[in-house]
Every structure is written in structure tokens, then in C-alpha cells.
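J.: This is the structure, below, for whatever I ask next.
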Amino acid sequence: MARAWPFGKKLIKPRQIKRSGKRKIIVYERKPDDTSGEKMADRSHLEDAAFKDAMALLGDDSKKK
């Protein structure tokens with residue numbers, strides 16, 4: 001017959017959650033951003049040679065209308 005298991009079972013303690021009495025509240029401030037209007041007005045990418053080549057390859061039908 002087999003011998004008894006020589007090692008004992010470990011007791012698992014339940015996790016203790018540390019709760020602070022006061023929570024930290026983080027407030028973010030959004031600053032006005034005027035660069036988005038500049039980015040929308042910038043149309044230099046339409047004069048790029050790679051863009052023109054891609055539109056020629058795909059067929060730009062917007063100029064026909």
C-alpha cells in the first residue's frame with residue numbers, strides 16, 4: 001500500500017484590499033486647439049506627385065463632372 005503524502009496543504013489567505021479613505025480625483029483641462037482648422041485648410045497633399053500618380057492609376061472621375 002502507498003505511504004501517506006508527507007507534504008501538508010498550504011492554506012490560502014484571502015486577498016486584503018487596501019482601501020484608502022479618500023479617492024484621488026484627476027481633472028483634465030482641455031485647451032482650445034486652433035491647429036485643426038489649419039490642417040483642414042492645408043491642401044498641399046493634393047499637389048504631391050505620389051498622390052497624383054495614384055489618382056491617375058485609380059481613375060479620378062471627379063474632374064469629368
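By order in the C-alpha cells, chains are A, B, ...; within a chain, residues start at 1; ligands start at 1, following the order shown.
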Write down as an MDAnalysis selection string the residues belonging to chain A that are assigned helix (DSSP H, G or I) by DSSP computed on the backbone.

T.: chainID A and resid 35:41 44:47 49:58 61:63

J.: Extract, using only C-alpha atoms, all DNA, RNA and protein residues at most 10 Å from Leu46 in chain A, discarding same-chain residues fewer than 5 positions from it, and format them as a ChimeraX atom specification.

T.: /A:51-52,55
